[in-house]
Amino acid sequence: MERTWRWFGRKDPITLDMLRQIGVEGIVTALHDVPLGQVWTQQQIHDLKTYIESHGMRWSVVESLPVTETIKYGGPDRDEQISIYCESLRHLAAEGIHTICYNFMPVLDWARTDLLHLNPNGSSNLYFSIPEFAYFDIDLLKREGAEEDWRNFKALGPDGKPNGRDILKEVAELRKQMTPEKDHALVENIVIKTQGFVSGNFKEGDEHPLGLFRELLKKYEGIGREQLRANMKYFLDAIMPVCDECDMYMCVHPDDPPFQILGLPRIITCADDIQWLLSTIPDKHNGLTFCAGSLSAGAQNNLTEMAHRFASRTSFVHLRSCHVFPNGDFTEASHLGGRADLVALTKIFEQEEQQRKAGKALLSSPNAQVLPMRVDHGMTMLGDEKRGYNAGYSFLGRMFAMGQVQGIIATVDKELGIKYEQPGFFD
């Protein structure tokens with residue numbers, strides 16, 4: 001697999017020179033300065049691609065070309081936005097970029113309640129507390145129906161079975177401990193500092209983000225699971241002709257966390273959901289980002305079985321892992337621990353890549369033979385927290401994870417008889 005890294009553009013404090021030194025081959029990025037819903041011009045794409053290539057790497061994956069909310073909820077300008085999306089796809093193809101990671105999560109791309117949760121070794125990781133998120137929903141967001149939703153919520157333990165947790169009772173206890181400062185921090189963690197909501201919606205200087213957040217939620221009133229599925233199918237049906245024409249591989253990112261929150265439907269959470277997506281749009285250009293982290297946060301998911309089942313339709317791999325606690329809360333785990341067996345997953349996807357290169361797989365096009373992989377979230381460690389990195393996207397923590405995963409890949413490659421190459425070194 002190609003070793004890639006999510007990079008947030010020229011303003012990212014992590015430079016391309018740094019990435020080249022740690023063995024990164026491909027860059028995963030986007031035109032972060034282009035406002036949501038506008039065309040990505042070929043010149044803009046060309047300029048960033050040339051900049052990346054001048055540092056000895058290639059632009060491997062777009063993560064992401066955002067699907068605007070109006071496409072997800074089926075707003076009046078949906079067709080206009082889909083047309084803009086298709087134009088951007090053509091421009092990317094013209095510059096030789098053919099893999100698009102996107103998501104179809106309403107309002108929030110991903111959610112955590114604590115961005116610096118302390119680990120036993122003194123580092124920190126992202127963490128999702130069910131009662132803290134429920135408190136945010138009920139007490140801070142004051143969403144209509146929130147209390148009833150959390151009363152009926154079934155938290156799953158590591159065995160994938162409901163653990164009988166009384167979320168409302170825990171929220172009542174938590175309420176006694178919260179302060180205005182803690183409330184503010186929780187809103188920052190859920191709404192501002194995580195990448196999804198702030199991108200193109202909340203602007204610095206707005207009076208308060210929760211007002212805009214409520215307005216976005218209103219757009220989804222009356223939209224359940226089946227309607228969101230229908231809206232996703234409408235979007236994919238509309239763009240597939242362009243994907244076929246330009247050989248563009250759309251790979252959806254699973255929902256994170258992989259269960260319903262905020263009264264919004266989640267439709268890419270488990271094997272059945274993924275099978276629905278791939279069967280409904282059987283085109284080879286409709287595929288999956290196999291995010292082991294997002295999927296392992298759902299105790300219902302057996303990742304090794306899912307990798308075997310969906311490897312042939314996977315265009316991008318996120319290698320990370322989550323640990324699910326007995327109460328159903330979860331945290332990012334070590335890349336050698338947690339629920340995801342990254343050694344087994346690496347072997348599955350390395351074998352799939354070899355099948356593609358041999359012309360024996362569905363995705364054997366020259367644009368799909370190489371399977372990009374990134375380590376995704378990593379620990380915050382050794383001062384990462386002081387350097388202004390995006391939440392979950394530390395440098396030293398991800399470099400440590402990259403070292404672990406490179407060791408896994410080298411070992412698996414030796415077992416499979418594949419020559420392992422480390423760029424930047426003499427053999």
# chains A, B, ... in the order shown; residues from 1 in each chain; ligands from 1
>>> residues_around(residues="range 259-266 of chain A", least_positions_apart="5", cutoff="9 Å", atoms="only C-alpha atoms", output="list of chain:residue names")
A:Phe104, A:Met105, A:Pro106, A:Val107, A:Phe133, A:Ala134, A:Asp137, A:Arg143, A:Gly145, A:Ala146, A:Asp149, A:Leu217, A:Tyr220, A:Glu221, A:Ile223, A:Gly224, A:Arg225, A:Glu226, A:Leu228, A:Gly298
>>> write_last_selection(atoms="N, CA and C atoms", output="mmCIF file, in the first residue's frame")
data_model
loop_
_atom_site.group_PDB
_atom_site.id
_atom_site.type_symbol
_atom_site.label_atom_id
_atom_site.label_comp_id
_atom_site.auth_asym_id
_atom_site.auth_seq_id
_atom_site.Cartn_x
_atom_site.Cartn_y
_atom_site.Cartn_z
ATOM 1 N N PHE A 104 -21.156 11.149 3.843
ATOM 2 C CA PHE A 104 -22.562 11.546 3.727
ATOM 3 C C PHE A 104 -23.179 11.641 5.120
ATOM 4 N N MET A 105 -22.396 12.185 6.065
ATOM 5 C CA MET A 105 -22.873 12.382 7.434
ATOM 6 C C MET A 105 -23.553 13.736 7.553
ATOM 7 N N PRO A 106 -24.774 13.783 8.030
ATOM 8 C CA PRO A 106 -25.458 15.068 8.180
ATOM 9 C C PRO A 106 -24.813 15.934 9.266
ATOM 10 N N VAL A 107 -24.589 17.189 8.943
ATOM 11 C CA VAL A 107 -24.153 18.264 9.854
ATOM 12 C C VAL A 107 -22.736 18.045 10.391
ATOM 13 N N PHE A 133 -21.794 13.562 25.554
ATOM 14 C CA PHE A 133 -22.435 13.974 24.306
ATOM 15 C C PHE A 133 -23.939 14.138 24.526
ATOM 16 N N ALA A 134 -24.530 13.262 25.322
ATOM 17 C CA ALA A 134 -25.959 13.378 25.624
ATOM 18 C C ALA A 134 -26.241 14.670 26.393
ATOM 19 N N ASP A 137 -26.275 17.487 23.990
ATOM 20 C CA ASP A 137 -27.487 17.442 23.180
ATOM 21 C C ASP A 137 -28.708 17.952 23.959
ATOM 22 N N ARG A 143 -31.941 20.292 22.047
ATOM 23 C CA ARG A 143 -32.648 19.763 20.878
ATOM 24 C C ARG A 143 -33.958 19.116 21.297
ATOM 25 N N GLY A 145 -36.684 16.561 21.573
ATOM 26 C CA GLY A 145 -36.675 15.107 21.442
ATOM 27 C C GLY A 145 -35.383 14.460 21.901
ATOM 28 N N ALA A 146 -34.397 15.268 22.324
ATOM 29 C CA ALA A 146 -33.100 14.708 22.699
ATOM 30 C C ALA A 146 -33.214 13.769 23.898
ATOM 31 N N ASP A 149 -34.627 10.457 22.947
ATOM 32 C CA ASP A 149 -33.667 9.681 22.159
ATOM 33 C C ASP A 149 -32.647 9.002 23.061
ATOM 34 N N LEU A 217 -29.572 21.677 11.793
ATOM 35 C CA LEU A 217 -30.370 20.520 12.202
ATOM 36 C C LEU A 217 -31.801 20.618 11.681
ATOM 37 N N TYR A 220 -32.931 19.038 8.448
ATOM 38 C CA TYR A 220 -33.121 17.594 8.379
ATOM 39 C C TYR A 220 -34.408 17.130 9.061
ATOM 40 N N GLU A 221 -35.258 18.067 9.441
ATOM 41 C CA GLU A 221 -36.515 17.679 10.074
ATOM 42 C C GLU A 221 -37.338 16.828 9.105
ATOM 43 N N ILE A 223 -36.448 13.979 7.904
ATOM 44 C CA ILE A 223 -35.614 13.125 7.068
ATOM 45 C C ILE A 223 -35.090 11.977 7.914
ATOM 46 N N GLY A 224 -35.563 10.783 7.616
ATOM 47 C CA GLY A 224 -35.126 9.589 8.317
ATOM 48 C C GLY A 224 -34.112 8.814 7.505
ATOM 49 N N ARG A 225 -33.850 7.620 7.960
ATOM 50 C CA ARG A 225 -32.832 6.773 7.356
ATOM 51 C C ARG A 225 -33.104 6.500 5.872
ATOM 52 N N GLU A 226 -34.328 6.141 5.530
ATOM 53 C CA GLU A 226 -34.642 5.796 4.140
ATOM 54 C C GLU A 226 -34.541 7.005 3.219
ATOM 55 N N LEU A 228 -32.591 9.666 3.691
ATOM 56 C CA LEU A 228 -31.180 10.002 3.518
ATOM 57 C C LEU A 228 -30.521 9.026 2.545
ATOM 58 N N GLY A 298 -17.578 0.953 16.486
ATOM 59 C CA GLY A 298 -18.864 0.269 16.586
ATOM 60 C C GLY A 298 -18.646 -1.167 17.005
#
>>> closest_atom_pairs(of="range 285-355 of chain A", to="range 48-71 of chain A", cutoff="12 Å", atoms="only C-alpha atoms", output="CSV")
residue,atom,partner,partner_atom,distance
A:Thr289,CA,A:Glu63,CA,10.4
A:Ser315,CA,A:Val61,CA,9.5
A:Phe316,CA,A:Val61,CA,8.1
A:Val317,CA,A:Val61,CA,10.7
A:His318,CA,A:Glu63,CA,11.7
>>> atom_distance(atom1="CA of Leu277 in chain A", atom2="CA of Ala307 in chain A")
15.5 Å
>>> closest_atom_pairs(of="range 261-362 of chain A", to="range 370-383 of chain A", cutoff="10 Å", atoms="only C-alpha atoms", output="tab-separated table")
residue	atom	partner	partner_atom	distance
A:Thr289	CA	A:Met373	CA	9.7
A:Phe290	CA	A:Met373	CA	9.5
A:Cys291	CA	A:Asp376	CA	8.5
A:Ala292	CA	A:Asp376	CA	9.4
A:Gly293	CA	A:Asp376	CA	8.1
A:Thr314	CA	A:Leu371	CA	8.3
A:Ser315	CA	A:Leu371	CA	6.2
A:Phe316	CA	A:Pro372	CA	5.3
A:Val317	CA	A:Met373	CA	4.7
A:His318	CA	A:Arg374	CA	5.2
A:Leu319	CA	A:Val375	CA	4.8
A:Arg320	CA	A:Val375	CA	5.8
A:Ser321	CA	A:His377	CA	9.0
A:Glu332	CA	A:His377	CA	7.6
A:Ala333	CA	A:Met379	CA	8.5
A:Ser334	CA	A:Met379	CA	8.0
A:His335	CA	A:Val375	CA	8.2
A:Thr346	CA	A:Met373	CA	9.6
A:Phe349	CA	A:Leu371	CA	7.8
A:Glu350	CA	A:Leu371	CA	8.2
A:Glu352	CA	A:Leu371	CA	8.5
A:Glu353	CA	A:Leu371	CA	6.1
A:Gln354	CA	A:Val370	CA	8.8
A:Arg356	CA	A:Val370	CA	7.9
A:Lys357	CA	A:Val370	CA	7.7
>>> write_last_selection(atoms="C-alpha atoms", output="JSON list (two decimals), in the first residue's frame")
[["chain", "number", "residue", "atom", "x", "y", "z"],
["A", 289, "THR", "CA", -12.83, 4.20, 2.31],
["A", 290, "PHE", "CA", -12.13, 1.38, 4.74],
["A", 291, "CYS", "CA", -11.64, 3.42, 7.91],
["A", 292, "ALA", "CA", -10.68, 0.85, 10.51],
["A", 293, "GLY", "CA", -10.94, 3.49, 13.23],
["A", 314, "THR", "CA", -12.07, -0.35, -1.37],
["A", 315, "SER", "CA", -10.15, 2.57, -2.88],
["A", 316, "PHE", "CA", -8.56, 4.06, 0.25],
["A", 317, "VAL", "CA", -7.58, 2.64, 3.64],
["A", 318, "HIS", "CA", -7.38, 4.38, 7.03],
["A", 319, "LEU", "CA", -5.35, 2.23, 9.40],
["A", 320, "ARG", "CA", -6.16, 3.11, 13.00],
["A", 321, "SER", "CA", -8.04, 1.43, 15.82],
["A", 332, "GLU", "CA", -8.51, 6.02, 19.86],
["A", 333, "ALA", "CA", -6.19, 3.10, 20.62],
["A", 334, "SER", "CA", -2.59, 2.32, 19.83],
["A", 335, "HIS", "CA", -2.10, 1.34, 16.19],
["A", 346, "THR", "CA", -2.72, -4.97, 6.17],
["A", 349, "PHE", "CA", -5.30, -5.08, 1.53],
["A", 350, "GLU", "CA", -1.72, -5.87, 0.42],
["A", 352, "GLU", "CA", -5.85, -7.05, -2.88],
["A", 353, "GLU", "CA", -3.33, -4.56, -4.26],
["A", 354, "GLN", "CA", -1.26, -7.40, -5.75],
["A", 356, "ARG", "CA", -5.03, -5.37, -8.98],
["A", 357, "LYS", "CA", -1.49, -5.02, -10.26]]
>>> select_by_dssp(residues="range 108-185 of chain A", states="strand (DSSP E or B)", output="list in words")
Trp110, Asp114, Leu115, Leu116, His117, Leu118, Ser124, Asn125, Leu126, Tyr127, Phe128, Leu156 and Pro162 of chain A
>>> closest_residue(among="A:Arg387, A:Gln369, A:Cys101, A:Leu212", to="Asp12 in chain A", atoms="only C-alpha atoms")
A:Arg387
>>> decode(residues="range 240-275 of chain A", atoms="C-alpha atoms", output="PDB file, in the first residue's frame")
ATOM      1  CA  MET A 240     -21.538   8.202 -11.811  1.00  0.00           C
ATOM      2  CA  PRO A 241     -21.606   9.067 -15.537  1.00  0.00           C
ATOM      3  CA  VAL A 242     -18.822  11.613 -14.908  1.00  0.00           C
ATOM      4  CA  CYS A 243     -16.933   9.091 -12.768  1.00  0.00           C
ATOM      5  CA  ASP A 244     -17.190   6.518 -15.569  1.00  0.00           C
ATOM      6  CA  GLU A 245     -16.113   9.077 -18.156  1.00  0.00           C
ATOM      7  CA  CYS A 246     -13.110  10.271 -16.123  1.00  0.00           C
ATOM      8  CA  ASP A 247     -12.274   7.065 -14.190  1.00  0.00           C
ATOM      9  CA  MET A 248     -12.933   8.733 -10.811  1.00  0.00           C
ATOM     10  CA  TYR A 249     -13.167   6.494  -7.722  1.00  0.00           C
ATOM     11  CA  MET A 250     -15.617   7.733  -5.099  1.00  0.00           C
ATOM     12  CA  CYS A 251     -14.896   6.087  -1.739  1.00  0.00           C
ATOM     13  CA  VAL A 252     -17.312   6.918   1.061  1.00  0.00           C
ATOM     14  CA  HIS A 253     -15.986   7.318   4.597  1.00  0.00           C
ATOM     15  CA  PRO A 254     -17.990   5.409   7.240  1.00  0.00           C
ATOM     16  CA  ASP A 255     -19.967   7.410   9.790  1.00  0.00           C
ATOM     17  CA  ASP A 256     -17.994   8.405  12.869  1.00  0.00           C
ATOM     18  CA  PRO A 257     -19.175   7.413  15.405  1.00  0.00           C
ATOM     19  CA  PRO A 258     -21.050   4.578  13.683  1.00  0.00           C
ATOM     20  CA  PHE A 259     -24.373   5.119  15.432  1.00  0.00           C
ATOM     21  CA  GLN A 260     -27.134   7.708  15.381  1.00  0.00           C
ATOM     22  CA  ILE A 261     -26.527  11.013  17.156  1.00  0.00           C
ATOM     23  CA  LEU A 262     -28.448  14.306  17.378  1.00  0.00           C
ATOM     24  CA  GLY A 263     -31.571  12.644  16.010  1.00  0.00           C
ATOM     25  CA  LEU A 264     -29.872  12.409  12.612  1.00  0.00           C
ATOM     26  CA  PRO A 265     -29.815   9.191  10.616  1.00  0.00           C
ATOM     27  CA  ARG A 266     -26.507   7.445  10.067  1.00  0.00           C
ATOM     28  CA  ILE A 267     -26.436   5.197   7.025  1.00  0.00           C
ATOM     29  CA  ILE A 268     -22.818   3.946   6.675  1.00  0.00           C
ATOM     30  CA  THR A 269     -22.199   2.264  10.033  1.00  0.00           C
ATOM     31  CA  CYS A 270     -21.850  -1.500   9.512  1.00  0.00           C
ATOM     32  CA  ALA A 271     -21.493  -4.312   6.970  1.00  0.00           C
ATOM     33  CA  ASP A 272     -25.183  -4.253   6.022  1.00  0.00           C
ATOM     34  CA  ASP A 273     -25.030  -0.504   5.318  1.00  0.00           C
ATOM     35  CA  ILE A 274     -21.930  -0.866   3.167  1.00  0.00           C
ATOM     36  CA  GLN A 275     -23.481  -3.772   1.282  1.00  0.00           C
TER      37      GLN A 275
END
